[in-house]
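Have a look at query.csv; it's CSV, C-alpha atoms and all ligand atoms:
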chain,number,residue,atom,x,y,z
E,1,MET,CA,1.3,-31.3,17.7
E,2,LYS,CA,-1.3,-30.0,15.3
E,3,PRO,CA,-2.2,-26.4,16.0
E,4,ASN,CA,-5.8,-25.8,17.1
E,5,VAL,CA,-8.0,-23.5,15.0
E,6,GLN,CA,-7.4,-20.5,17.3
E,7,GLN,CA,-3.7,-20.7,17.0
E,8,ILE,CA,-3.6,-20.6,13.2
E,9,PRO,CA,-4.6,-16.9,12.6
E,10,ALA,CA,-2.2,-15.7,15.3
E,11,ALA,CA,0.6,-17.8,13.8
E,12,THR,CA,0.0,-16.5,10.3
E,13,ALA,CA,-0.1,-12.9,11.5
E,14,LEU,CA,3.2,-13.4,13.3
E,15,ALA,CA,4.7,-14.9,10.1
E,16,ALA,CA,3.5,-11.9,8.2
E,17,ALA,CA,5.0,-9.5,10.7
E,18,ALA,CA,8.3,-11.3,10.7
E,19,ALA,CA,8.4,-11.3,6.8
E,20,VAL,CA,7.3,-7.7,6.2
E,21,SER,CA,9.8,-5.4,8.0
E,22,GLY,CA,8.0,-2.4,9.5
E,23,LEU,CA,4.7,-4.1,9.9
E,24,ARG,CA,3.5,-4.0,13.5
E,25,LEU,CA,0.4,-5.8,14.9
E,26,CYS,CA,-1.4,-5.1,18.1
E,27,PRO,CA,-4.1,-7.8,18.4
E,28,GLY,CA,-6.9,-6.7,20.8
E,29,TYR,CA,-5.5,-3.2,21.1
E,30,LEU,CA,-9.0,-1.9,21.9
E,31,ASP,CA,-11.0,-4.0,24.5
E,32,ARG,CA,-14.7,-4.2,24.1
E,33,SER,CA,-15.5,-1.1,26.1
E,34,ARG,CA,-12.9,1.0,24.1
E,35,GLN,CA,-14.4,-0.5,20.9
E,36,ASN,CA,-17.8,0.8,22.0
E,37,GLU,CA,-16.3,4.2,22.8
E,38,LEU,CA,-14.7,4.4,19.4
E,39,LEU,CA,-17.9,3.3,17.7
E,40,ALA,CA,-19.9,6.0,19.5
E,41,ALA,CA,-17.4,8.6,18.4
E,42,LEU,CA,-17.5,7.2,14.8
E,43,ARG,CA,-21.3,7.4,14.7
E,44,GLU,CA,-21.0,11.1,15.6
E,45,VAL,CA,-18.6,11.6,12.8
E,46,LEU,CA,-20.8,9.8,10.3
E,47,ALA,CA,-23.8,11.9,11.3
E,48,VAL,CA,-22.0,14.9,10.0
E,49,ALA,CA,-20.0,13.2,7.2
E,50,PRO,CA,-22.1,10.3,5.9
E,51,LEU,CA,-20.6,7.4,4.1
E,52,PHE,CA,-20.2,7.9,0.3
E,53,THR,CA,-19.4,5.5,-2.5
E,54,PRO,CA,-16.0,6.4,-4.0
E,55,ARG,CA,-15.4,5.7,-7.7
E,56,MET,CA,-12.4,4.5,-9.6
E,57,PRO,CA,-10.4,7.1,-11.5
E,58,VAL,CA,-11.2,7.3,-15.2
E,59,SER,CA,-13.7,4.4,-15.4
E,60,GLY,CA,-16.0,5.7,-12.6
E,61,ARG,CA,-16.6,2.1,-11.4
E,62,PRO,CA,-17.9,2.2,-7.8
E,63,PHE,CA,-15.8,0.8,-5.0
E,64,THR,CA,-17.5,-2.0,-3.0
E,65,VAL,CA,-16.3,-0.2,0.2
E,66,ARG,CA,-18.1,2.9,1.3
E,67,MET,CA,-16.0,5.7,2.9
E,68,SER,CA,-15.9,8.9,4.9
E,69,ASN,CA,-13.2,10.8,6.7
E,70,CYS,CA,-12.4,13.0,9.7
E,71,GLY,CA,-9.6,15.4,10.2
E,72,PRO,CA,-8.5,18.5,8.2
E,73,LEU,CA,-8.1,16.4,5.1
E,74,GLY,CA,-10.0,13.4,3.7
E,75,TRP,CA,-9.1,10.8,1.1
E,76,VAL,CA,-11.5,10.8,-1.9
E,77,SER,CA,-11.6,9.1,-5.3
E,78,ASP,CA,-13.7,9.8,-8.4
E,79,VAL,CA,-13.2,9.9,-12.1
E,80,ASN,CA,-10.6,12.7,-11.6
E,81,GLY,CA,-8.4,10.5,-9.5
E,82,TYR,CA,-7.3,9.8,-5.9
E,83,ARG,CA,-6.5,12.8,-3.7
E,84,TYR,CA,-6.9,14.4,-0.3
E,85,ALA,CA,-9.6,17.1,0.0
E,86,PRO,CA,-10.7,19.3,2.8
E,87,ALA,CA,-14.4,18.8,2.3
E,88,HIS,CA,-16.9,15.9,1.8
E,89,PRO,CA,-17.5,15.3,-1.9
E,90,GLU,CA,-21.3,15.2,-1.5
E,91,THR,CA,-22.2,17.6,1.3
E,92,GLY,CA,-19.4,20.1,0.6
E,93,ARG,CA,-18.9,20.5,4.3
E,94,PRO,CA,-15.5,20.3,6.0
E,95,TRP,CA,-14.7,16.9,7.5
E,96,PRO,CA,-15.4,16.7,11.3
E,97,SER,CA,-12.4,16.7,13.6
E,98,ILE,CA,-10.6,13.5,14.6
E,99,PRO,CA,-12.0,12.1,17.9
E,100,ALA,CA,-9.8,12.1,20.9
E,101,ILE,CA,-9.8,8.3,21.2
E,102,LEU,CA,-8.2,8.1,17.7
E,103,LEU,CA,-5.6,10.8,18.5
E,104,GLU,CA,-4.7,8.8,21.6
E,105,ALA,CA,-4.2,5.7,19.4
E,106,TRP,CA,-1.9,7.7,17.1
E,107,GLN,CA,0.2,8.8,20.0
E,108,GLU,CA,0.4,5.3,21.5
E,109,LEU,CA,1.0,3.4,18.3
E,110,GLY,CA,2.4,5.8,15.8
E,111,PHE,CA,5.7,7.0,17.3
E,112,TYR,CA,5.6,10.1,15.2
E,113,PRO,CA,6.0,13.6,16.6
E,114,HIS,CA,3.3,15.3,14.5
E,115,PRO,CA,-0.5,14.8,14.6
E,116,PRO,CA,-2.4,12.9,11.9
E,117,GLU,CA,-4.2,15.0,9.3
E,118,ALA,CA,-6.7,12.5,8.0
E,119,CYS,CA,-8.6,9.5,9.2
E,120,LEU,CA,-10.1,7.5,6.4
E,121,ILE,CA,-13.1,5.5,7.4
E,122,ASN,CA,-13.9,2.4,5.4
E,123,PHE,CA,-17.1,0.5,5.8
E,124,TYR,CA,-17.2,-3.0,4.4
E,125,GLY,CA,-20.6,-4.8,4.0
E,126,PRO,CA,-20.5,-8.6,3.7
E,127,ALA,CA,-19.4,-8.7,0.1
E,128,ALA,CA,-17.0,-5.7,0.1
E,129,LYS,CA,-13.3,-6.0,-0.4
E,130,MET,CA,-10.3,-3.9,-1.2
E,131,GLY,CA,-7.7,-4.8,-3.9
E,132,LEU,CA,-4.0,-4.8,-3.2
E,133,HIS,CA,-2.7,-1.2,-3.3
E,134,GLN,CA,-0.1,1.1,-1.7
E,135,ASP,CA,-1.1,4.2,0.4
E,136,ARG,CA,1.0,6.7,-1.6
E,137,ASP,CA,-1.1,9.8,-2.0
E,138,GLU,CA,0.5,11.4,1.1
E,139,GLN,CA,3.6,13.7,0.9
E,140,ASP,CA,5.1,12.3,4.1
E,141,PHE,CA,6.1,8.6,4.0
E,142,ASP,CA,8.1,9.0,7.2
E,143,ALA,CA,4.9,8.9,9.2
E,144,PRO,CA,3.2,5.5,9.6
E,145,VAL,CA,-0.3,4.6,8.8
E,146,VAL,CA,-2.1,3.4,11.9
E,147,SER,CA,-5.2,1.2,11.3
E,148,LEU,CA,-7.9,0.1,13.6
E,149,SER,CA,-10.6,-2.5,13.0
E,150,LEU,CA,-14.2,-2.6,14.4
E,151,GLY,CA,-16.9,-5.2,13.7
E,152,ASP,CA,-16.6,-8.4,11.6
E,153,SER,CA,-13.2,-9.9,11.1
E,154,CYS,CA,-11.6,-9.8,7.7
E,155,LEU,CA,-8.9,-11.5,5.8
E,156,PHE,CA,-6.1,-8.9,5.4
E,157,ARG,CA,-3.3,-9.4,2.9
E,158,ILE,CA,0.1,-7.7,2.8
E,159,GLY,CA,3.1,-8.0,0.5
E,160,GLY,CA,6.1,-5.9,-0.3
E,161,ARG,CA,6.8,-2.7,-2.1
E,162,ARG,CA,6.4,-4.3,-5.5
E,163,ARG,CA,3.0,-5.5,-6.7
E,164,ASN,CA,4.4,-8.9,-7.5
E,165,ASP,CA,6.2,-9.5,-4.2
E,166,PRO,CA,5.0,-12.5,-2.2
E,167,THR,CA,2.1,-11.8,0.1
E,168,HIS,CA,0.9,-13.1,3.5
E,169,SER,CA,-2.7,-13.1,4.7
E,170,PHE,CA,-4.1,-13.2,8.2
E,171,ARG,CA,-7.3,-12.3,10.0
E,172,LEU,CA,-7.9,-9.0,11.6
E,173,HIS,CA,-10.5,-8.9,14.4
E,174,SER,CA,-12.5,-6.1,16.0
E,175,GLY,CA,-10.2,-4.1,18.2
E,176,ASP,CA,-7.0,-5.1,16.4
E,177,ALA,CA,-4.5,-2.4,15.4
E,178,VAL,CA,-2.0,-2.6,12.4
E,179,ILE,CA,0.8,-0.2,11.9
E,180,LEU,CA,2.4,0.2,8.5
E,181,GLY,CA,5.7,2.1,9.1
E,182,GLY,CA,9.3,2.0,8.0
E,183,GLY,CA,9.8,-0.6,5.3
E,184,ALA,CA,6.1,-1.5,5.4
E,185,ARG,CA,4.9,2.0,4.9
E,186,LEU,CA,4.6,1.5,1.1
E,187,ALA,CA,3.8,-2.2,1.2
E,188,PHE,CA,1.0,-3.4,-1.0
E,189,HIS,CA,-2.0,-4.4,1.1
E,190,GLY,CA,-5.7,-5.1,0.8
E,191,VAL,CA,-8.7,-6.9,2.2
E,192,ASP,CA,-9.6,-10.2,0.5
E,193,ARG,CA,-12.9,-10.7,2.2
E,194,ILE,CA,-15.1,-10.0,5.2
E,195,LEU,CA,-16.1,-12.9,7.5
E,196,PRO,CA,-19.8,-12.1,8.1
E,197,GLY,CA,-21.2,-12.8,11.6
E,198,THR,CA,-17.8,-12.9,13.4
E,199,SER,CA,-18.6,-9.9,15.6
E,200,THR,CA,-21.6,-8.6,17.6
E,201,LEU,CA,-20.2,-5.1,17.8
E,202,LEU,CA,-22.1,-3.6,14.9
E,203,ALA,CA,-25.9,-4.1,15.1
E,204,GLU,CA,-26.0,-3.8,11.3
E,205,GLY,CA,-23.0,-6.2,10.7
E,206,GLY,CA,-20.0,-5.5,8.5
E,207,ARG,CA,-16.7,-4.0,9.4
E,208,PHE,CA,-15.3,-0.5,9.9
E,209,ASN,CA,-11.6,0.2,9.4
E,210,LEU,CA,-10.1,3.5,10.3
E,211,THR,CA,-6.7,4.5,9.1
E,212,LEU,CA,-4.9,7.5,10.6
E,213,ARG,CA,-2.5,9.3,8.2
E,214,ARG,CA,-0.1,12.2,8.1
E,215,VAL,CA,-0.6,13.8,4.7
E,216,THR,CA,1.7,16.8,4.4
E,217,ARG,CA,5.3,17.1,5.4
E,218,PRO,CA,5.5,19.0,8.7
E,219,ASP,CA,7.8,21.5,7.2
E,220,SER,CA,5.8,22.1,4.0
E,221,GLN,CA,3.2,24.8,3.3
E,222,ASN,CA,0.5,22.2,2.5
E,223,ILE,CA,1.3,22.4,-1.2
E,224,GLY,CA,-0.4,20.5,-3.9
E,225,LEU,CA,-3.6,19.4,-2.2
E,226,SER,CA,-6.7,19.9,-4.2
E,227,ALA,CA,-9.9,21.4,-2.8
E,301,LIG,O1,-9.5,-2.2,5.8
E,301,LIG,C1,-8.4,-2.4,6.0
E,301,LIG,O2,-7.9,-3.1,6.9
E,301,LIG,C2,-7.3,-1.8,5.1
E,301,LIG,C3,-7.7,-0.5,4.6
E,301,LIG,C4,-6.8,0.1,3.6
E,301,LIG,O3,-6.0,-0.7,3.0
E,301,LIG,C5,-6.8,1.5,3.3
E,301,LIG,O4,-7.6,2.2,3.7
E,301,LIG,O5,-5.9,1.9,2.5
Kindly return the structure encoded in the file as structure tokens.
Ligand SMILES: O=C(O)CCC(=O)C(=O)O
Amino acid sequence: MKPNVQQIPAATALAAAAAVSGLRLCPGYLDRSRQNELLAALREVLAVAPLFTPRMPVSGRPFTVRMSNCGPLGWVSDVNGYRYAPAHPETGRPWPSIPAILLEAWQELGFYPHPPEACLINFYGPAAKMGLHQDRDEQDFDAPVVSLSLGDSCLFRIGGRRRNDPTHSFRLHSGDAVILGGGARLAFHGVDRILPGTSTLLAEGGRFNLTLRRVTRPDSQNIGLSA
């Protein structure tokens, strides 16, 4: 029997999860009311730590994705490189704390005994994308990266630990959670494109993605993080 349109994304996501060891997917992890709750918490964070445009190391070319953070540390990128920093690059203020609803998600999905130290907030307008990359600016790769999506769906792509490994792509929808742990912790991944108009959650359209990360080793003295 030919699969109907609705079955295709789920099937491709399952194929990706089967192929990339350590990749876990929780479609619809947040129902609509929890999505609204998270969105309200996110708006409060962004009122203190507004979205900024990160730039590529060396070239200074702007990302198409705008970013902010919450937590003791935040991921930033500019001509000097990628790094975690304790303050917003434009306001100079410390990042706001991670909202309770995100800490709950980390507890439920992360299976890691120490709290997250950073939550990177990505905002994708209709034309934004994110190239294939590894999340490797953290000191602790034992901890997973827990990712939540809000707003328009996207086409997410994931491969293996080498840039040229085969990749799988599937759609992520508002409320979906993805966990990159174990063998998938250093998997190359990215966002090929946004599918505008696929969600009514954000009045302005677009997509938020929030990734919770442990940055330092729990037994370390927080060494080597720039201010
Ligand atoms: O937007 C996404 O789903 C992926 C985000 C991502 O790859 C990252 O923040 O490192």
Pairwise distance for atom CA of E:Leu38 and atom CA of E:Tyr112, rounded to one decimal in Å: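 These atoms are spaced 21.5 Å apart.
Between ligand LIG 301 (chain E) and the candidates E:Asp152, E:Glu204, E:Asp192, E:Asp135, the tightest atom-to-atom separation, counting only C-alpha atoms and all ligand atoms, involves E:Asp135.
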Closest atom pairs, residues of chain E within 8 Å of ligand LIG 301 (chain E), only C-alpha atoms and all ligand atoms, as JSON lines:
{"residue": "E:Leu120", "atom": "CA", "partner": "E:LIG301", "partner_atom": "O4", "distance": 6.5}
{"residue": "E:Ile121", "atom": "CA", "partner": "E:LIG301", "partner_atom": "O4", "distance": 7.4}
{"residue": "E:Asn122", "atom": "CA", "partner": "E:LIG301", "partner_atom": "O1", "distance": 6.4}
{"residue": "E:Tyr124", "atom": "CA", "partner": "E:LIG301", "partner_atom": "O1", "distance": 7.9}
{"residue": "E:Met130", "atom": "CA", "partner": "E:LIG301", "partner_atom": "O3", "distance": 6.8}
{"residue": "E:Leu132", "atom": "CA", "partner": "E:LIG301", "partner_atom": "O3", "distance": 7.7}
{"residue": "E:His133", "atom": "CA", "partner": "E:LIG301", "partner_atom": "O3", "distance": 7.1}
{"residue": "E:Gln134", "atom": "CA", "partner": "E:LIG301", "partner_atom": "O5", "distance": 7.2}
{"residue": "E:Asp135", "atom": "CA", "partner": "E:LIG301", "partner_atom": "O5", "distance": 5.7}
{"residue": "E:Ser147", "atom": "CA", "partner": "E:LIG301", "partner_atom": "O2", "distance": 6.7}
{"residue": "E:Leu148", "atom": "CA", "partner": "E:LIG301", "partner_atom": "O2", "distance": 7.4}
{"residue": "E:Ser149", "atom": "CA", "partner": "E:LIG301", "partner_atom": "O2", "distance": 6.7}
{"residue": "E:Cys154", "atom": "CA", "partner": "E:LIG301", "partner_atom": "O2", "distance": 7.7}
{"residue": "E:Phe156", "atom": "CA", "partner": "E:LIG301", "partner_atom": "O2", "distance": 6.3}
{"residue": "E:Leu172", "atom": "CA", "partner": "E:LIG301", "partner_atom": "O2", "distance": 7.5}
{"residue": "E:His189", "atom": "CA", "partner": "E:LIG301", "partner_atom": "O3", "distance": 5.8}
{"residue": "E:Gly190", "atom": "CA", "partner": "E:LIG301", "partner_atom": "O3", "distance": 4.9}
{"residue": "E:Val191", "atom": "CA", "partner": "E:LIG301", "partner_atom": "C1", "distance": 5.9}
{"residue": "E:Phe208", "atom": "CA", "partner": "E:LIG301", "partner_atom": "O1", "distance": 7.3}
{"residue": "E:Asn209", "atom": "CA", "partner": "E:LIG301", "partner_atom": "O1", "distance": 4.8}
{"residue": "E:Leu210", "atom": "CA", "partner": "E:LIG301", "partner_atom": "O4", "distance": 7.2}
{"residue": "E:Thr211", "atom": "CA", "partner": "E:LIG301", "partner_atom": "O4", "distance": 5.9}
Sort by chain and increasing residue number a table of all residues of stretch 2-52 of chain E within 10 Å of stretch 198-202 of chain E, each with its closest pair of atoms and their distance in Å to one decimal, counting all atoms listed in the file, and write it as a tab-separated table.
residue	atom	partner	partner_atom	distance
E:Arg32	CA	E:Leu201	CA	8.4
E:Gln35	CA	E:Leu201	CA	8.0
E:Asn36	CA	E:Leu201	CA	7.6
E:Leu39	CA	E:Leu202	CA	8.5
Closest atom pairs, stretch 130-209 of chain E residues within 12 Å of stretch 19-23 of chain E, all atoms listed in the file, as a tab-separated table:
residue	atom	partner	partner_atom	distance
E:Asp142	CA	E:Gly22	CA	11.6
E:Ala143	CA	E:Gly22	CA	11.7
E:Pro144	CA	E:Gly22	CA	9.2
E:Val145	CA	E:Leu23	CA	10.1
E:Val146	CA	E:Leu23	CA	10.3
E:Ser147	CA	E:Leu23	CA	11.3
E:Arg157	CA	E:Val20	CA	11.2
E:Ile158	CA	E:Val20	CA	8.0
E:Gly159	CA	E:Val20	CA	7.1
E:Gly160	CA	E:Val20	CA	6.9
E:Arg161	CA	E:Val20	CA	9.7
E:Asp165	CA	E:Val20	CA	10.6
E:Pro166	CA	E:Ala19	CA	9.7
E:Thr167	CA	E:Val20	CA	9.0
E:His168	CA	E:Ala19	CA	8.4
E:Ser169	CA	E:Ala19	CA	11.4
E:Ala177	CA	E:Leu23	CA	10.9
E:Val178	CA	E:Leu23	CA	7.3
E:Ile179	CA	E:Leu23	CA	5.9
E:Leu180	CA	E:Leu23	CA	5.1
E:Gly181	CA	E:Gly22	CA	5.1
E:Gly182	CA	E:Gly22	CA	4.8
E:Gly183	CA	E:Gly22	CA	4.9
E:Ala184	CA	E:Gly22	CA	4.6
E:Arg185	CA	E:Gly22	CA	7.1
E:Leu186	CA	E:Gly22	CA	9.9
E:Ala187	CA	E:Val20	CA	8.2
E:Phe188	CA	E:Val20	CA	10.5
E:His189	CA	E:Leu23	CA	11.1
Two-atom distance - atom CA of E:Ser153, atom CA of E:Glu108 (Å): 22.9 Å
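Take atom CA of E:Leu14 and atom CA of E:Asn164: the distance between them is 21.3 Å.
Distances here use all atoms listed in the file; by that measure, the residue among E:Leu150, E:Leu155, E:Leu103, E:Met67 closest to E:Leu46 is E:Met67.
Each of E:Arg163, E:Arg24, E:Arg66, E:His114 was compared to E:Pro50 using all atoms listed in the file, and E:Arg66 turns out to be the nearest.
Closest approach to E:Ala16 from the set E:Gly175, E:Ile101, E:Phe170, E:Pro126 is made by E:Phe170, with distances taken over only C-alpha atoms.
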Quick one: stretch 119-149 of chain E with N, CA and C atoms, as an mmCIF file, in the coordinates of the input?
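And here is the file that came out, rebuild-v2.cif:
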data_model
loop_
_atom_site.group_PDB
_atom_site.id
_atom_site.type_symbol
_atom_site.label_atom_id
_atom_site.label_comp_id
_atom_site.auth_asym_id
_atom_site.auth_seq_id
_atom_site.Cartn_x
_atom_site.Cartn_y
_atom_site.Cartn_z
ATOM 1 N N CYS E 119 -8.193 10.844 8.792
ATOM 2 C CA CYS E 119 -8.600 9.500 9.200
ATOM 3 C C CYS E 119 -9.588 9.004 8.189
ATOM 4 N N LEU E 120 -9.166 8.064 7.359
ATOM 5 C CA LEU E 120 -10.100 7.500 6.400
ATOM 6 C C LEU E 120 -10.899 6.404 7.056
ATOM 7 N N ILE E 121 -12.205 6.496 6.858
ATOM 8 C CA ILE E 121 -13.100 5.500 7.400
ATOM 9 C C ILE E 121 -13.650 4.643 6.314
ATOM 10 N N ASN E 122 -13.368 3.359 6.378
ATOM 11 C CA ASN E 122 -13.900 2.400 5.400
ATOM 12 C C ASN E 122 -14.975 1.590 6.010
ATOM 13 N N PHE E 123 -16.091 1.434 5.302
ATOM 14 C CA PHE E 123 -17.100 0.500 5.800
ATOM 15 C C PHE E 123 -17.283 -0.622 4.764
ATOM 16 N N TYR E 124 -17.118 -1.865 5.264
ATOM 17 C CA TYR E 124 -17.200 -3.000 4.400
ATOM 18 C C TYR E 124 -18.523 -3.776 4.779
ATOM 19 N N GLY E 125 -19.452 -3.886 3.812
ATOM 20 C CA GLY E 125 -20.600 -4.800 4.000
ATOM 21 C C GLY E 125 -20.055 -6.220 3.725
ATOM 22 N N PRO E 126 -20.952 -7.223 3.785
ATOM 23 C CA PRO E 126 -20.500 -8.600 3.700
ATOM 24 C C PRO E 126 -19.734 -8.962 2.431
ATOM 25 N N ALA E 127 -20.021 -8.282 1.333
ATOM 26 C CA ALA E 127 -19.400 -8.700 0.100
ATOM 27 C C ALA E 127 -18.271 -7.676 -0.339
ATOM 28 N N ALA E 128 -17.982 -6.702 0.498
ATOM 29 C CA ALA E 128 -17.000 -5.700 0.100
ATOM 30 C C ALA E 128 -15.572 -6.230 0.251
ATOM 31 N N LYS E 129 -14.677 -5.680 -0.537
ATOM 32 C CA LYS E 129 -13.300 -6.000 -0.400
ATOM 33 C C LYS E 129 -12.433 -4.848 -0.926
ATOM 34 N N MET E 130 -11.134 -4.932 -0.734
ATOM 35 C CA MET E 130 -10.300 -3.900 -1.200
ATOM 36 C C MET E 130 -9.050 -4.508 -1.873
ATOM 37 N N GLY E 131 -8.818 -4.211 -3.131
ATOM 38 C CA GLY E 131 -7.700 -4.800 -3.900
ATOM 39 C C GLY E 131 -6.361 -4.356 -3.329
ATOM 40 N N LEU E 132 -5.336 -5.097 -3.696
ATOM 41 C CA LEU E 132 -4.000 -4.800 -3.200
ATOM 42 C C LEU E 132 -3.594 -3.367 -3.766
ATOM 43 N N HIS E 133 -3.108 -2.533 -2.883
ATOM 44 C CA HIS E 133 -2.700 -1.200 -3.300
ATOM 45 C C HIS E 133 -1.671 -0.660 -2.276
ATOM 46 N N GLN E 134 -1.029 0.440 -2.645
ATOM 47 C CA GLN E 134 -0.100 1.100 -1.700
ATOM 48 C C GLN E 134 -0.827 2.427 -1.287
ATOM 49 N N ASP E 135 -0.578 2.863 -0.053
ATOM 50 C CA ASP E 135 -1.100 4.200 0.400
ATOM 51 C C ASP E 135 0.041 5.163 0.018
ATOM 52 N N ARG E 136 -0.137 5.860 -1.121
ATOM 53 C CA ARG E 136 1.000 6.700 -1.600
ATOM 54 C C ARG E 136 0.480 8.082 -2.045
ATOM 55 N N ASP E 137 -0.677 8.515 -1.577
ATOM 56 C CA ASP E 137 -1.100 9.800 -2.000
ATOM 57 C C ASP E 137 -0.720 10.894 -0.946
ATOM 58 N N GLU E 138 0.072 10.462 0.049
ATOM 59 C CA GLU E 138 0.500 11.400 1.100
ATOM 60 C C GLU E 138 1.903 11.948 0.637
ATOM 61 N N GLN E 139 2.244 13.112 1.186
ATOM 62 C CA GLN E 139 3.600 13.700 0.900
ATOM 63 C C GLN E 139 4.606 13.146 1.862
ATOM 64 N N ASP E 140 4.161 12.651 3.000
ATOM 65 C CA ASP E 140 5.100 12.300 4.100
ATOM 66 C C ASP E 140 5.042 10.776 4.320
ATOM 67 N N PHE E 141 6.043 10.071 3.793
ATOM 68 C CA PHE E 141 6.100 8.600 4.000
ATOM 69 C C PHE E 141 6.901 8.280 5.271
ATOM 70 N N ASP E 142 7.427 9.294 5.962
ATOM 71 C CA ASP E 142 8.100 9.000 7.200
ATOM 72 C C ASP E 142 7.111 8.648 8.310
ATOM 73 N N ALA E 143 5.920 9.191 8.183
ATOM 74 C CA ALA E 143 4.900 8.900 9.200
ATOM 75 C C ALA E 143 4.244 7.556 8.859
ATOM 76 N N PRO E 144 3.872 6.800 9.894
ATOM 77 C CA PRO E 144 3.200 5.500 9.600
ATOM 78 C C PRO E 144 1.751 5.695 9.274
ATOM 79 N N VAL E 145 1.129 4.630 8.835
ATOM 80 C CA VAL E 145 -0.300 4.600 8.800
ATOM 81 C C VAL E 145 -0.776 3.678 9.908
ATOM 82 N N VAL E 146 -1.661 4.195 10.745
ATOM 83 C CA VAL E 146 -2.100 3.400 11.900
ATOM 84 C C VAL E 146 -3.594 3.040 11.637
ATOM 85 N N SER E 147 -3.860 1.749 11.701
ATOM 86 C CA SER E 147 -5.200 1.200 11.300
ATOM 87 C C SER E 147 -5.842 0.470 12.405
ATOM 88 N N LEU E 148 -7.137 0.749 12.582
ATOM 89 C CA LEU E 148 -7.900 0.100 13.600
ATOM 90 C C LEU E 148 -9.136 -0.571 13.016
ATOM 91 N N SER E 149 -9.495 -1.737 13.518
ATOM 92 C CA SER E 149 -10.600 -2.500 13.000
ATOM 93 C C SER E 149 -11.755 -2.587 13.997
#
